[in-house]
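data-v2.cif follows (mmCIF, C-alpha atoms and all ligand atoms):
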```
data_data
loop_
_atom_site.label_atom_id
_atom_site.label_comp_id
_atom_site.auth_asym_id
_atom_site.auth_seq_id
_atom_site.Cartn_x
_atom_site.Cartn_y
_atom_site.Cartn_z
CA MET B 1 2.64 10.34 -17.00
CA LEU B 2 1.66 7.46 -14.71
CA ARG B 3 -1.84 8.03 -13.34
CA ILE B 4 -2.31 6.42 -9.94
CA ALA B 5 -5.21 5.76 -7.58
CA VAL B 6 -4.22 5.54 -3.92
CA LEU B 7 -6.54 3.31 -1.85
CA VAL B 8 -6.66 4.13 1.85
CA SER B 9 -8.61 3.33 5.02
CA GLY B 10 -6.97 5.34 7.78
CA GLY B 11 -4.30 7.86 8.65
CA GLY B 12 -2.68 8.06 5.26
CA THR B 13 0.96 8.62 6.20
CA ASN B 14 2.02 6.53 3.20
CA LEU B 15 -0.26 8.64 1.00
CA GLN B 16 1.48 11.71 2.44
CA ALA B 17 4.88 10.26 1.58
CA ILE B 18 3.68 9.86 -2.02
CA ILE B 19 2.24 13.40 -2.15
CA ASP B 20 5.53 14.77 -0.74
CA GLY B 21 7.62 12.63 -3.09
CA ILE B 22 5.80 14.04 -6.12
CA ALA B 23 6.15 17.61 -4.76
CA LYS B 24 9.89 17.16 -4.06
CA GLY B 25 10.54 15.43 -7.37
CA THR B 26 11.76 12.14 -5.89
CA ILE B 27 8.74 10.58 -7.62
CA THR B 28 8.69 11.62 -11.25
CA ASN B 29 6.25 11.17 -14.17
CA THR B 30 3.43 10.50 -11.69
CA GLU B 31 0.08 12.07 -10.95
CA ILE B 32 -2.37 11.04 -8.19
CA SER B 33 -5.71 10.97 -10.02
CA LEU B 34 -7.76 9.62 -7.14
CA VAL B 35 -7.64 8.88 -3.42
CA LEU B 36 -10.29 6.28 -2.61
CA SER B 37 -11.29 5.50 0.96
CA ASN B 38 -13.75 2.96 2.32
CA ASN B 39 -13.94 4.97 5.53
CA LYS B 40 -15.44 8.44 5.47
CA ASP B 41 -13.53 9.47 8.61
CA ALA B 42 -10.12 8.50 7.23
CA TYR B 43 -7.65 11.31 7.82
CA ALA B 44 -6.15 10.33 4.45
CA LEU B 45 -9.14 12.07 2.79
CA GLU B 46 -8.16 15.33 4.52
CA ARG B 47 -4.58 14.91 3.35
CA ALA B 48 -5.90 14.53 -0.21
CA ALA B 49 -8.12 17.62 0.10
CA LYS B 50 -5.21 19.69 1.46
CA ALA B 51 -3.10 18.67 -1.52
CA GLY B 52 -5.91 19.46 -3.97
CA ILE B 53 -6.37 15.82 -4.96
CA LYS B 54 -9.74 14.28 -5.68
CA GLY B 55 -10.86 12.18 -2.71
CA VAL B 56 -13.81 9.80 -2.86
CA CYS B 57 -15.37 7.62 -0.18
CA VAL B 58 -17.17 4.39 -1.04
CA SER B 59 -18.16 2.69 2.20
CA ALA B 60 -19.59 -0.81 2.61
CA LYS B 61 -21.96 0.68 5.20
CA ASP B 62 -23.87 2.42 2.42
CA PHE B 63 -24.63 -0.78 0.49
CA ALA B 64 -27.05 -3.61 1.13
CA ASP B 65 -24.48 -6.29 0.34
CA ARG B 66 -20.82 -6.88 -0.38
CA GLU B 67 -21.40 -7.32 -4.11
CA ASP B 68 -22.97 -3.89 -4.53
CA PHE B 69 -20.18 -2.33 -2.48
CA HIS B 70 -17.54 -4.00 -4.63
CA LYS B 71 -19.24 -2.81 -7.82
CA ALA B 72 -19.29 0.80 -6.65
CA TYR B 73 -15.72 0.59 -5.32
CA MET B 74 -14.43 -0.81 -8.61
CA ALA B 75 -16.44 1.70 -10.64
CA ALA B 76 -14.76 4.56 -8.77
CA ILE B 77 -11.35 3.17 -9.74
CA ASP B 78 -12.30 2.45 -13.34
CA GLU B 79 -13.76 5.95 -13.77
CA ALA B 80 -10.45 7.48 -12.72
CA GLY B 81 -8.72 5.73 -15.63
CA VAL B 82 -5.53 4.87 -13.77
CA ASP B 83 -2.42 2.92 -14.77
CA LEU B 84 -1.51 1.83 -11.24
CA ILE B 85 -3.43 1.18 -8.03
CA VAL B 86 -1.49 1.84 -4.84
CA LEU B 87 -2.71 0.25 -1.60
CA ALA B 88 -1.54 2.53 1.18
CA GLY B 89 -3.05 1.20 4.39
CA CYS B 90 -6.12 -0.09 2.54
CA LEU B 91 -8.13 -2.53 4.65
CA VAL B 92 -10.54 -3.59 1.93
CA VAL B 93 -9.99 -7.16 0.72
CA LEU B 94 -10.01 -6.47 -3.00
CA PRO B 95 -12.45 -8.46 -5.13
CA GLU B 96 -10.75 -11.03 -7.36
CA THR B 97 -12.18 -9.43 -10.51
CA LEU B 98 -10.33 -6.22 -9.69
CA VAL B 99 -7.07 -8.01 -8.90
CA LYS B 100 -7.23 -9.95 -12.17
CA LYS B 101 -8.19 -6.92 -14.24
CA TYR B 102 -5.22 -4.95 -12.90
CA GLU B 103 -2.67 -7.78 -12.88
CA ASN B 104 0.80 -6.43 -12.03
CA ARG B 105 -0.74 -2.97 -11.78
CA ILE B 106 -1.61 -3.01 -8.06
CA ILE B 107 1.05 -2.51 -5.39
CA ASN B 108 0.87 -2.77 -1.60
CA ILE B 109 3.08 -1.84 1.31
CA HIS B 110 3.35 -4.42 4.09
CA PRO B 111 5.13 -3.67 7.40
CA SER B 112 7.40 -6.72 7.59
CA LEU B 113 10.02 -8.50 5.54
CA ILE B 114 7.79 -10.89 3.57
CA PRO B 115 7.54 -13.91 3.94
CA ALA B 116 7.86 -13.22 7.68
CA PHE B 117 4.80 -11.98 9.58
CA CYS B 118 2.42 -11.76 6.65
CA GLY B 119 -0.74 -13.41 5.34
CA THR B 120 -4.26 -13.50 6.70
CA GLY B 121 -4.66 -11.66 10.00
CA PHE B 122 -1.29 -9.92 9.82
CA TYR B 123 -2.16 -6.26 9.60
CA GLY B 124 -1.70 -3.16 11.73
CA LEU B 125 -0.05 -3.56 15.13
CA LYS B 126 -0.48 -7.36 15.06
CA VAL B 127 2.48 -7.63 12.64
CA HIS B 128 4.78 -5.83 15.05
CA GLU B 129 3.44 -7.65 18.12
CA GLU B 130 4.29 -10.97 16.47
CA ALA B 131 7.76 -9.78 15.42
CA LEU B 132 8.47 -8.73 19.02
CA LYS B 133 7.05 -12.00 20.37
CA ARG B 134 9.38 -13.99 18.12
CA GLY B 135 12.32 -11.86 19.13
CA VAL B 136 13.57 -11.02 15.62
CA LYS B 137 16.44 -8.54 15.53
CA LEU B 138 15.52 -7.21 12.11
CA THR B 139 12.12 -6.49 10.65
CA GLY B 140 11.21 -4.00 7.93
CA ALA B 141 8.80 -3.35 5.10
CA THR B 142 8.00 -4.87 1.73
CA CYS B 143 6.48 -3.24 -1.33
CA HIS B 144 4.97 -5.88 -3.60
CA PHE B 145 2.55 -6.44 -6.45
CA VAL B 146 -0.83 -7.74 -5.40
CA ASP B 147 -2.08 -11.10 -6.64
CA CYS B 148 -5.06 -13.17 -5.53
CA GLY B 149 -3.34 -14.40 -2.35
CA THR B 150 -2.62 -12.41 0.81
CA ASP B 151 0.85 -10.80 0.64
CA THR B 152 1.97 -13.40 -1.93
CA GLY B 153 2.61 -11.24 -5.01
CA PRO B 154 6.00 -10.47 -6.60
CA ILE B 155 8.27 -8.43 -4.32
CA ILE B 156 9.44 -5.07 -5.69
CA LEU B 157 11.48 -3.58 -2.83
CA GLN B 158 12.28 -4.43 0.78
CA LYS B 159 14.10 -2.55 3.50
CA ALA B 160 15.25 -3.89 6.86
CA VAL B 161 14.78 -2.02 10.13
CA GLU B 162 16.46 -2.81 13.45
CA VAL B 163 14.38 -3.98 16.41
CA LYS B 164 15.60 -2.32 19.62
CA THR B 165 15.53 -3.73 23.14
CA GLY B 166 12.38 -2.66 24.94
CA ASP B 167 10.50 -1.66 21.77
CA THR B 168 6.73 -1.55 22.13
CA PRO B 169 4.65 -2.58 19.10
CA LYS B 170 3.80 1.10 18.52
CA GLU B 171 7.43 2.22 18.66
CA LEU B 172 8.43 -0.49 16.24
CA GLN B 173 5.52 0.34 13.92
CA LEU B 174 6.61 3.99 13.78
CA ARG B 175 10.27 3.13 13.12
CA VAL B 176 9.27 0.74 10.31
CA MET B 177 7.14 3.48 8.75
CA GLU B 178 9.76 6.22 9.06
CA GLU B 179 12.77 4.18 8.02
CA ALA B 180 11.25 1.84 5.47
CA GLU B 181 7.64 2.28 4.32
CA TRP B 182 7.81 6.00 3.51
CA GLU B 183 10.98 5.36 1.52
CA ILE B 184 10.33 2.20 -0.48
CA MET B 185 6.73 2.82 -1.53
CA PRO B 186 7.54 6.19 -3.20
CA LYS B 187 10.68 4.62 -4.69
CA ALA B 188 8.69 1.72 -6.17
CA ILE B 189 6.21 4.15 -7.73
CA ASP B 190 9.04 6.17 -9.27
CA LEU B 191 10.63 3.02 -10.69
CA ILE B 192 7.32 1.87 -12.18
CA ALA B 193 6.58 5.35 -13.57
CA ASN B 194 9.90 5.29 -15.36
CA GLY B 195 9.48 1.84 -16.86
CA LYS B 196 12.14 0.22 -14.70
CA VAL B 197 10.05 -2.59 -13.21
CA GLN B 198 9.34 -5.80 -15.05
CA VAL B 199 7.67 -8.98 -13.80
CA VAL B 200 9.21 -12.13 -15.23
CA GLU B 201 8.01 -15.54 -14.06
CA ASN B 202 6.46 -14.04 -10.95
CA LYS B 203 9.64 -12.23 -9.93
CA VAL B 204 10.45 -8.55 -10.24
CA ILE B 205 13.43 -7.40 -12.26
CA ILE B 206 14.54 -3.80 -11.72
CA THR B 207 16.66 -2.04 -14.29
CA GLU B 208 18.18 1.11 -12.78
C1 LIG X 1 1.04 0.85 7.31
O1 LIG X 1 1.66 0.26 8.42
C2 LIG X 1 1.13 -0.08 6.14
O2 LIG X 1 2.26 -0.86 6.15
C3 LIG X 1 -0.08 -0.94 6.31
O3 LIG X 1 -1.06 -0.09 6.86
C4 LIG X 1 -0.46 1.02 7.53
C5 LIG X 1 -0.99 2.26 6.90
O4 LIG X 1 -0.67 3.44 7.50
N1 LIG X 1 -0.42 -1.58 5.06
P1 LIG X 1 -1.07 4.83 6.84
O5 LIG X 1 -2.59 4.87 6.69
O6 LIG X 1 -0.37 4.95 5.53
O7 LIG X 1 -0.60 5.86 7.82
#
```
Give the structure from this file in C-alpha cells form.
Amino acid sequence: MLRIAVLVSGGGTNLQAIIDGIAKGTITNTEISLVLSNNKDAYALERAAKAGIKGVCVSAKDFADREDFHKAYMAAIDEAGVDLIVLAGCLVVLPETLVKKYENRIINIHPSLIPAFCGTGFYGLKVHEEALKRGVKLTGATCHFVDCGTDTGPIILQKAVEVKTGDTPKELQLRVMEEAEWEIMPKAIDLIANGKVQVVENKVIITE
C-alpha cells in the first residue's frame, strides 16, 4: 500500500479527484495518510475532514521565521511516514532538504504543457493568462516529479486541452482542471502505486 501525503493551500479540487479515485478504485494500492495545508482556511482541509482523512495545518504565520516554519512543516510530513508526497495546489516553496530527502518521491500538477508557461511566477490564473496572451491553440496539464528547480523535474504524464475562441483565463483554468488535471494526477499516483514508474537519467519510463 502506497502511503501518500497530499500538500495543499487552497480549494483542493485535485485532492478531491484523488479521494474520489481511491473510492472508485481507479487509484489502487493507495492510502492518503495526511493532508497538509499551510493555510488554515483552505477548503481542502474540509474535503479531508469529510472523507475522514487526517488534516493538519502548519502555517508560516505561526512561526517567527521561515526556518522554524520549514522544520515544523517537514516534521508533519516525516511523522506521517509516507512513500509519496503529492503537491496538489501547494503554494509553499519546498525547502531543498525536503526535496532532496524525497528525491523522485514528490509529484506536482502544473496547469500547462511543460516547458510552456512554467517556472517562477507561473502559478494560478497567471499561467492561463499567458497562454491566452500568446494565442496558443492547445494548452493542458503536466504531472511531474519535483526537483530543486521550478517545474523542471522529470515529466510523468501530460494531457493537452483545446483553447477556445473567447476563453477567459477562468474558463480555460476550469477546462484544464476538468479535462486534464483531475485525470492525470490520479493516474500518475495509480501508476506509481503499482510500481509502473521508473526514473532513468532524469526521464520517466512507464511500463503499463
Ligand atoms: C491547480 O490549477 C493546479 O494545477 C495548481 O494549483 C491549482 C490547484 O487547485 N498547481 P486545487 O486546490 O486542487 O483546486
Query raised in the report: To one decimal place, how far is CA of Ala48 in chain B from CA of Asn14 in chain B in Å?
Result: 11.8 Å
Report task. Step by step, measure atom-to-atom distances between ligand LIG 1 (chain X) and each residue using all atoms listed in the file, keep those at most 10 Å, then write them as a PyMOL selection string. Result -> chain B and resi 7-18+42-44+87-91+108-112+122-125+127-128+140-143+173-174+176-177+180-182+185
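The space between CA of Lys196 in chain B and CA of Ser37 in chain B spans 28.7 Å.
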Report summary line: From CA of Lys71 in chain B to CA of Glu96 in chain B the spacing works out at 11.8 Å
Requested in this report: May I have the residues within 8 Å of Glu103 in chain B as number ranges by chain, using all atoms listed in the file and disregarding those fewer than 4 positions away in the same chain?
Outcome: B: 99, 146-147
Query raised in the report: Which polymer residues have any atom within 10 Å of an atom of Ser33 in chain B, counting all atoms listed in the file, with same-chain residues fewer than 3 positions away left out, as a count of residues only?
Result: 15
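Among B:Leu98, B:Ile189, B:Met1, B:Leu132, the residue with the shortest atom-to-atom distance to Ile27 in chain B, counting all atoms listed in the file, is B:Ile189.
Proximity ranking of B:Lys187, B:Phe145, B:Ile155, B:Thr26 relative to Lys100 in chain B places B:Phe145 first, based on all atoms listed in the file.
Ranking B:Ala51, B:Ile156, B:Ile114, B:Ile22 by their shortest atom-to-atom distance to Gln198 in chain B, with only C-alpha atoms included, puts B:Ile156 first.
Using all atoms listed in the file, the smallest distance between any of B:Glu201, B:Glu183, B:Glu129, B:Glu46 and Lys170 in chain B comes from B:Glu129.
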